[in-house]
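Asks: Sharing a structure with you now.
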Amino acid sequence: MNYKLVVGLIFLGFAVLELRADRLLHRAATRTKDIIIELGSGLGLPIAVVPAVIAGSGVLTEALAPDSAGALAHWPTWLMFATLLVIDDLGQYLWHRLTHAVPSLFELHRAHHSATYMSVRIVYRNNILYYAMMPNLWASGVLLYLGFDDVYYVYFIAKMAVIIGAHSSVAWDEPLLKIRWLRPVMWLVVRTISTPSTHAAHHGKHATDGVTHYKGNYGNFLFLWDVLLGTAKISERRPAHFGLENIDDASWQQELLWPWLRARPRLSAKWPWRR
């Protein structure tokens with residue numbers, strides 16, 4: 001299965017929807033900095049960094065456990081999928097949550113939140129090291145080497161479809177939430193997977209708007225982790241503004257290439273994630 005092609009088509013589909021709704025280019029809000037970061041990370045991460053991590057984890061696995069390739073290929077599909085949900089998706093939830101709690105790690109993630117708009121454009125918008133240091137990505141590479149291939153590709157497509165949809169400026173959940181007979185189903189959906197409404201709250205700029213939730217809604221594929229671990233905030237409204245509050249602006253070099261560029265922007269004493 002050419003899973004990269006499938007994910008690419010899903011991304012393109014949402015991009016077309018945004019373009020038709022005039023919610024893709026964001027001409028008034030887009031700066032040169034945004035274009036450089038989104039091109040740099042959008043091309044560099046999926047094309048270079050992520051494949052390098054997957055390949056590297058396979059090499060390390062073979063070095064530590066010789067002749068282990070395909071050792072778990074006999075596992076049933078359901079067990080592989082469940083393992084991926086815990087190892088990969090819960091692992092990414094914890095990494096995401098950690099990067100919001102530790103100022104130095106937030107430097108790897110701030111590019112994702114410095115955008116003042118929601119769009120598929122920001123799906124991969126992160127510092128180059130954000131994915132390179134992601135523990136669950138290395139763990140997924142190990143599982144792939146051990147024989148999770150086919151199940152992983154299906155899992156990855158489903159996960160990326162949810163993540164792309166959750167970042168899109170065209171909120172697919174909005175019309176469905178207004179259908180009365182669908183409300184019980186959507187009640188369950190919103191608490192199970194990441195949706196545009198819950199993830200938009202995570203990207204909101206002003207905590208005083210009653211919707212923005214800085215310290216939560218970290219889920220990537222499953223929003224269920226937020227529900228179970230007490231970091232969920234559910235609202236059918238979306239923030240009116242997105243971006244960073246009480247954090248100094250930074251150059252594209254700092255957001256994309258830190259710590260190679262050591263000049264860190266000053267964090268305000270009112271940094272919203274400061275504990």
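Within each chain, counting starts at residue 1; across the structure tokens, chains are named A, B, ... in the order shown, with ligands numbered 1 upward in that order.
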DSSP on the backbone, helix (DSSP H, G or I) only: what residues of range 59-180 of chain A does that give? Format it as number ranges by chain.
Replies: A: 59-64, 77-101, 103-106, 110-114, 120-122, 128-132, 135-167, 173-177, 180
Asks: Which residues, written as a count of residues only, have at least one atom at most 12 Å from Lys178 in chain A, with only C-alpha atoms counted and residues fewer than 5 positions away on the same chain left out?
Replies: 9
Asks: Residues within 10 Å of Val59 in chain A, please, as a PyMOL selection string. Count only C-alpha atoms; anything in the same chain fewer than 6 positions from it doesn't count.
Replies: chain A and resi 53+65-66+141-142+145
Asks: Go through range 80-178 of chain A residue by residue and, counting only C-alpha atoms, keep those with an atom at most 8 Å from range 5-19 of chain A; for each kept residue give the shortest atom pair and its distance in Å to one decimal, ordered by chain and increasing number, as a tab-separated table.
Replies:
residue	atom	partner	partner_atom	distance
A:Ser119	CA	A:Glu18	CA	7.7
A:Val120	CA	A:Ala15	CA	6.4
A:Ile157	CA	A:Val7	CA	5.9
A:Met160	CA	A:Val7	CA	6.7
A:Ala161	CA	A:Ile10	CA	6.5
A:Ile164	CA	A:Phe11	CA	6.5
A:Gly165	CA	A:Phe14	CA	7.2
A:Ser168	CA	A:Phe14	CA	6.9
A:Ser169	CA	A:Glu18	CA	6.5
A:Val170	CA	A:Glu18	CA	5.9
Asks: Sorted by chain and rising residue number, list the residues of range 112-197 of chain A at most 8 Å from range 21-43 of chain A (counting only C-alpha atoms), each with its closest atom pair and distance in Å to one decimal, as JSON lines.
Replies:
{"residue": "A:Ala115", "atom": "CA", "partner": "A:Asp34", "partner_atom": "CA", "distance": 7.1}
{"residue": "A:Thr116", "atom": "CA", "partner": "A:Ala29", "partner_atom": "CA", "distance": 6.6}
{"residue": "A:Tyr117", "atom": "CA", "partner": "A:Ala29", "partner_atom": "CA", "distance": 7.4}
{"residue": "A:Ser119", "atom": "CA", "partner": "A:Leu24", "partner_atom": "CA", "distance": 6.3}
{"residue": "A:Val120", "atom": "CA", "partner": "A:Leu24", "partner_atom": "CA", "distance": 7.8}
{"residue": "A:Arg121", "atom": "CA", "partner": "A:Glu38", "partner_atom": "CA", "distance": 6.7}
{"residue": "A:Ile122", "atom": "CA", "partner": "A:Glu38", "partner_atom": "CA", "distance": 6.7}
{"residue": "A:Val123", "atom": "CA", "partner": "A:Gly42", "partner_atom": "CA", "distance": 8.0}
{"residue": "A:Tyr124", "atom": "CA", "partner": "A:Gly42", "partner_atom": "CA", "distance": 5.3}
{"residue": "A:Arg125", "atom": "CA", "partner": "A:Glu38", "partner_atom": "CA", "distance": 5.5}
{"residue": "A:Asn126", "atom": "CA", "partner": "A:Ser41", "partner_atom": "CA", "distance": 6.2}
{"residue": "A:Asn127", "atom": "CA", "partner": "A:Ser41", "partner_atom": "CA", "distance": 7.0}
{"residue": "A:Ile128", "atom": "CA", "partner": "A:Ser41", "partner_atom": "CA", "distance": 6.4}
{"residue": "A:Ser169", "atom": "CA", "partner": "A:Arg23", "partner_atom": "CA", "distance": 6.2}
{"residue": "A:Val170", "atom": "CA", "partner": "A:Arg23", "partner_atom": "CA", "distance": 7.4}
Asks: Keeping only N, CA and C atoms, take the residues you just selected and write them out as a PDB file, in the first residue's frame.
Replies:
ATOM      1  N   ALA A 115       1.703  30.402  14.313  1.00  0.00           N
ATOM      2  CA  ALA A 115       0.787  30.721  13.214  1.00  0.00           C
ATOM      3  C   ALA A 115      -0.475  31.347  13.780  1.00  0.00           C
ATOM      4  N   THR A 116      -0.959  32.384  13.142  1.00  0.00           N
ATOM      5  CA  THR A 116      -2.168  33.067  13.630  1.00  0.00           C
ATOM      6  C   THR A 116      -3.413  32.589  12.893  1.00  0.00           C
ATOM      7  N   TYR A 117      -3.354  31.392  12.361  1.00  0.00           N
ATOM      8  CA  TYR A 117      -4.465  30.811  11.612  1.00  0.00           C
ATOM      9  C   TYR A 117      -4.423  29.292  11.768  1.00  0.00           C
ATOM     10  N   SER A 119      -5.002  25.781   9.640  1.00  0.00           N
ATOM     11  CA  SER A 119      -4.974  25.342   8.242  1.00  0.00           C
ATOM     12  C   SER A 119      -4.165  24.057   8.143  1.00  0.00           C
ATOM     13  N   VAL A 120      -4.387  23.304   7.076  1.00  0.00           N
ATOM     14  CA  VAL A 120      -3.547  22.135   6.832  1.00  0.00           C
ATOM     15  C   VAL A 120      -2.095  22.555   6.654  1.00  0.00           C
ATOM     16  N   ARG A 121      -1.878  23.824   6.381  1.00  0.00           N
ATOM     17  CA  ARG A 121      -0.521  24.332   6.209  1.00  0.00           C
ATOM     18  C   ARG A 121       0.338  24.114   7.449  1.00  0.00           C
ATOM     19  N   ILE A 122      -0.281  24.034   8.629  1.00  0.00           N
ATOM     20  CA  ILE A 122       0.510  23.967   9.860  1.00  0.00           C
ATOM     21  C   ILE A 122       0.633  22.552  10.426  1.00  0.00           C
ATOM     22  N   VAL A 123       0.131  21.558   9.705  1.00  0.00           N
ATOM     23  CA  VAL A 123       0.187  20.178  10.210  1.00  0.00           C
ATOM     24  C   VAL A 123       1.613  19.779  10.580  1.00  0.00           C
ATOM     25  N   TYR A 124       2.572  20.047   9.701  1.00  0.00           N
ATOM     26  CA  TYR A 124       3.969  19.680   9.941  1.00  0.00           C
ATOM     27  C   TYR A 124       4.812  20.860  10.413  1.00  0.00           C
ATOM     28  N   ARG A 125       4.181  21.954  10.748  1.00  0.00           N
ATOM     29  CA  ARG A 125       4.919  23.168  11.107  1.00  0.00           C
ATOM     30  C   ARG A 125       5.522  23.037  12.506  1.00  0.00           C
ATOM     31  N   ASN A 126       6.771  22.628  12.566  1.00  0.00           N
ATOM     32  CA  ASN A 126       7.503  22.463  13.818  1.00  0.00           C
ATOM     33  C   ASN A 126       8.993  22.643  13.560  1.00  0.00           C
ATOM     34  N   ASN A 127       9.738  22.816  14.617  1.00  0.00           N
ATOM     35  CA  ASN A 127      11.187  22.833  14.533  1.00  0.00           C
ATOM     36  C   ASN A 127      11.680  21.505  13.954  1.00  0.00           C
ATOM     37  N   ILE A 128      12.788  21.534  13.236  1.00  0.00           N
ATOM     38  CA  ILE A 128      13.323  20.326  12.607  1.00  0.00           C
ATOM     39  C   ILE A 128      13.555  19.205  13.622  1.00  0.00           C
ATOM     40  N   SER A 169      -8.896  24.555   8.504  1.00  0.00           N
ATOM     41  CA  SER A 169      -9.743  25.723   8.766  1.00  0.00           C
ATOM     42  C   SER A 169     -11.181  25.468   8.325  1.00  0.00           C
ATOM     43  N   VAL A 170     -11.380  24.392   7.581  1.00  0.00           N
ATOM     44  CA  VAL A 170     -12.736  23.973   7.214  1.00  0.00           C
ATOM     45  C   VAL A 170     -13.150  22.899   8.211  1.00  0.00           C
TER      46      VAL A 170
END
Asks: Out of A:Tyr131, A:Trp252, A:Phe156, A:Trp78, which residue has the shortest atom-to-atom distance to Gln92 in chain A when counting only C-alpha atoms?
Replies: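 Ranked by minimum distance to Gln92 in chain A, first place goes to A:Tyr131.
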Asks: Range 202-213 of chain A: which residues within 8 Å, counting only C-alpha atoms, same-chain residues fewer than 2 positions away excluded, as an mmCIF file with N, CA and C atoms, in the first residue's frame?
Replies:
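Generated file (part-v2.cif):
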data_model
loop_
_atom_site.group_PDB
_atom_site.id
_atom_site.type_symbol
_atom_site.label_atom_id
_atom_site.label_comp_id
_atom_site.auth_asym_id
_atom_site.auth_seq_id
_atom_site.Cartn_x
_atom_site.Cartn_y
_atom_site.Cartn_z
ATOM 1 N N HIS A 113 2.674 26.858 16.969
ATOM 2 C CA HIS A 113 1.679 27.723 17.597
ATOM 3 C C HIS A 113 1.830 29.195 17.234
ATOM 4 N N MET A 118 -5.573 28.670 11.554
ATOM 5 C CA MET A 118 -5.643 27.219 11.474
ATOM 6 C C MET A 118 -5.691 26.846 10.002
ATOM 7 N N THR A 198 -12.066 20.763 19.125
ATOM 8 C CA THR A 198 -11.211 20.569 20.292
ATOM 9 C C THR A 198 -9.761 20.978 20.012
ATOM 10 N N HIS A 199 -9.299 20.733 18.797
ATOM 11 C CA HIS A 199 -7.902 21.087 18.528
ATOM 12 C C HIS A 199 -7.740 22.582 18.275
ATOM 13 N N ALA A 200 -8.754 23.221 17.735
ATOM 14 C CA ALA A 200 -8.684 24.676 17.564
ATOM 15 C C ALA A 200 -8.540 25.352 18.922
ATOM 16 N N LYS A 215 -3.363 24.460 28.261
ATOM 17 C CA LYS A 215 -2.805 23.311 28.972
ATOM 18 C C LYS A 215 -3.637 22.050 28.780
ATOM 19 N N GLY A 216 -3.986 21.771 27.564
ATOM 20 C CA GLY A 216 -4.769 20.576 27.310
ATOM 21 C C GLY A 216 -5.090 20.403 25.846
ATOM 22 N N ASN A 217 -5.959 19.427 25.569
ATOM 23 C CA ASN A 217 -6.316 19.063 24.193
ATOM 24 C C ASN A 217 -5.061 18.749 23.389
ATOM 25 N N TYR A 218 -4.209 17.926 23.990
ATOM 26 C CA TYR A 218 -2.935 17.568 23.372
ATOM 27 C C TYR A 218 -3.065 16.400 22.391
ATOM 28 N N LYS A 233 -10.811 19.782 27.231
ATOM 29 C CA LYS A 233 -11.790 20.864 27.304
ATOM 30 C C LYS A 233 -12.601 20.800 26.017
ATOM 31 N N SER A 235 -15.677 22.151 23.636
ATOM 32 C CA SER A 235 -16.567 23.257 23.306
ATOM 33 C C SER A 235 -16.901 23.186 21.833
ATOM 34 N N ARG A 237 -17.658 25.828 20.212
ATOM 35 C CA ARG A 237 -17.178 27.098 19.652
ATOM 36 C C ARG A 237 -15.686 27.008 19.337
ATOM 37 N N ARG A 238 -15.242 27.825 18.412
ATOM 38 C CA ARG A 238 -13.835 27.921 18.068
ATOM 39 C C ARG A 238 -13.306 29.286 18.496
ATOM 40 N N PRO A 239 -12.048 29.380 18.895
ATOM 41 C CA PRO A 239 -11.479 30.688 19.257
ATOM 42 C C PRO A 239 -11.540 31.654 18.077
ATOM 43 N N ALA A 240 -11.678 32.911 18.380
ATOM 44 C CA ALA A 240 -11.706 33.926 17.318
ATOM 45 C C ALA A 240 -10.302 34.251 16.843
ATOM 46 N N HIS A 241 -9.304 34.009 17.708
ATOM 47 C CA HIS A 241 -7.923 34.343 17.364
ATOM 48 C C HIS A 241 -7.005 33.175 17.717
ATOM 49 N N PHE A 242 -5.960 33.009 16.895
ATOM 50 C CA PHE A 242 -4.993 31.934 17.109
ATOM 51 C C PHE A 242 -3.588 32.524 17.202
ATOM 52 N N GLY A 243 -2.700 31.787 17.857
ATOM 53 C CA GLY A 243 -1.326 32.248 17.964
ATOM 54 C C GLY A 243 -0.818 32.212 19.390
ATOM 55 N N LEU A 244 0.253 32.959 19.651
ATOM 56 C CA LEU A 244 0.909 32.964 20.948
ATOM 57 C C LEU A 244 0.648 34.264 21.695
ATOM 58 N N GLU A 245 0.279 34.141 22.951
ATOM 59 C CA GLU A 245 0.058 35.306 23.801
ATOM 60 C C GLU A 245 1.131 35.338 24.883
#
Asks: Go through A:Leu129, A:Leu45, A:Leu222, A:Leu108 and flag the residue nearest Leu84 in chain A, using only C-alpha atoms for the distances.
Replies: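 Among the listed residues, A:Leu222 lies closest to Leu84 in chain A.
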Asks: Please determine, counting only C-alpha atoms, which residue among A:Tyr93, A:Leu182, A:Tyr153, A:Met134 has the shortest atom-to-atom distance to Asp226 in chain A.
Replies: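 Looking only at the distances to Asp226 in chain A, the closest residue turns out to be A:Tyr93.
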Asks: Which polymer residues have any atom within 12 Å of an atom of Phe148 in chain A, counting only C-alpha atoms, with same-chain residues fewer than 6 positions away left out, as an MDAnalysis selection string?
Replies: chainID A and resid 69:84 139:142 154:156
Asks: I want to know what sits within 10 Å of Trp138 in chain A, based on only C-alpha atoms, with residues of the same chain fewer than 4 positions away left out; could you give that as an mmCIF file with N, CA and C atoms, in the first residue's frame?
Replies:
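out_1.cif written:
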data_model
loop_
_atom_site.group_PDB
_atom_site.id
_atom_site.type_symbol
_atom_site.label_atom_id
_atom_site.label_comp_id
_atom_site.auth_asym_id
_atom_site.auth_seq_id
_atom_site.Cartn_x
_atom_site.Cartn_y
_atom_site.Cartn_z
ATOM 1 N N VAL A 50 11.567 12.297 9.212
ATOM 2 C CA VAL A 50 10.786 11.126 9.627
ATOM 3 C C VAL A 50 11.329 9.833 9.005
ATOM 4 N N ALA A 52 14.322 9.215 8.101
ATOM 5 C CA ALA A 52 15.620 8.951 8.726
ATOM 6 C C ALA A 52 15.446 8.325 10.105
ATOM 7 N N VAL A 53 14.459 8.802 10.860
ATOM 8 C CA VAL A 53 14.196 8.241 12.191
ATOM 9 C C VAL A 53 13.715 6.797 12.068
ATOM 10 N N ILE A 54 12.804 6.547 11.143
ATOM 11 C CA ILE A 54 12.284 5.186 10.955
ATOM 12 C C ILE A 54 13.410 4.238 10.550
ATOM 13 N N ALA A 55 14.241 4.668 9.603
ATOM 14 C CA ALA A 55 15.353 3.831 9.155
ATOM 15 C C ALA A 55 16.371 3.639 10.281
ATOM 16 N N GLY A 56 16.672 4.728 11.003
ATOM 17 C CA GLY A 56 17.651 4.652 12.079
ATOM 18 C C GLY A 56 17.210 3.729 13.209
ATOM 19 N N SER A 57 15.912 3.770 13.514
ATOM 20 C CA SER A 57 15.417 2.901 14.594
ATOM 21 C C SER A 57 15.506 1.431 14.191
ATOM 22 N N GLY A 58 15.335 1.163 12.899
ATOM 23 C CA GLY A 58 15.483 -0.209 12.411
ATOM 24 C C GLY A 58 16.919 -0.689 12.532
ATOM 25 N N LEU A 60 19.167 0.422 14.665
ATOM 26 C CA LEU A 60 19.457 0.245 16.085
ATOM 27 C C LEU A 60 18.852 -1.049 16.619
ATOM 28 N N ASP A 88 2.544 4.536 20.100
ATOM 29 C CA ASP A 88 2.717 5.693 19.226
ATOM 30 C C ASP A 88 1.839 6.868 19.638
ATOM 31 N N TYR A 131 10.365 16.401 15.572
ATOM 32 C CA TYR A 131 10.071 15.014 15.212
ATOM 33 C C TYR A 131 11.284 14.117 15.397
ATOM 34 N N ALA A 132 12.479 14.660 15.183
ATOM 35 C CA ALA A 132 13.686 13.858 15.341
ATOM 36 C C ALA A 132 13.846 13.363 16.776
ATOM 37 N N MET A 133 13.323 14.141 17.747
ATOM 38 C CA MET A 133 13.436 13.772 19.157
ATOM 39 C C MET A 133 12.177 13.090 19.695
ATOM 40 N N MET A 134 11.189 12.873 18.848
ATOM 41 C CA MET A 134 9.915 12.325 19.299
ATOM 42 C C MET A 134 10.062 10.836 19.648
ATOM 43 N N VAL A 142 10.822 0.892 15.483
ATOM 44 C CA VAL A 142 11.158 -0.427 16.024
ATOM 45 C C VAL A 142 10.048 -1.420 15.706
ATOM 46 N N LEU A 143 8.802 -1.002 15.926
ATOM 47 C CA LEU A 143 7.666 -1.891 15.654
ATOM 48 C C LEU A 143 7.570 -2.234 14.173
ATOM 49 N N LEU A 144 7.839 -1.268 13.326
ATOM 50 C CA LEU A 144 7.852 -1.535 11.888
ATOM 51 C C LEU A 144 8.896 -2.595 11.558
#
Asks: Quick one: DSSP strand (DSSP E or B) residues in range 17-251 of chain A, as a ChimeraX atom specification?
Replies: /A:193,204,222,242,247
Asks: To one decimal in Å, tell me the separation between CA of Leu105 in chain A and CA of Arg191 in chain A.
Replies: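 Going from CA of Leu105 in chain A over to CA of Arg191 in chain A covers 27.6 Å.
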Asks: Between A:Leu137, A:Pro51, A:His109, A:Ser194, which is the closest to Arg97 in chain A once you count only C-alpha atoms?
Replies: A:His109
Asks: Figure out the distance between CA of Gly91 in chain A and CA of Glu107 in chain A, please, to one decimal in Å.
Replies: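 CA of Gly91 in chain A lies at a distance of 19.4 Å from CA of Glu107 in chain A.
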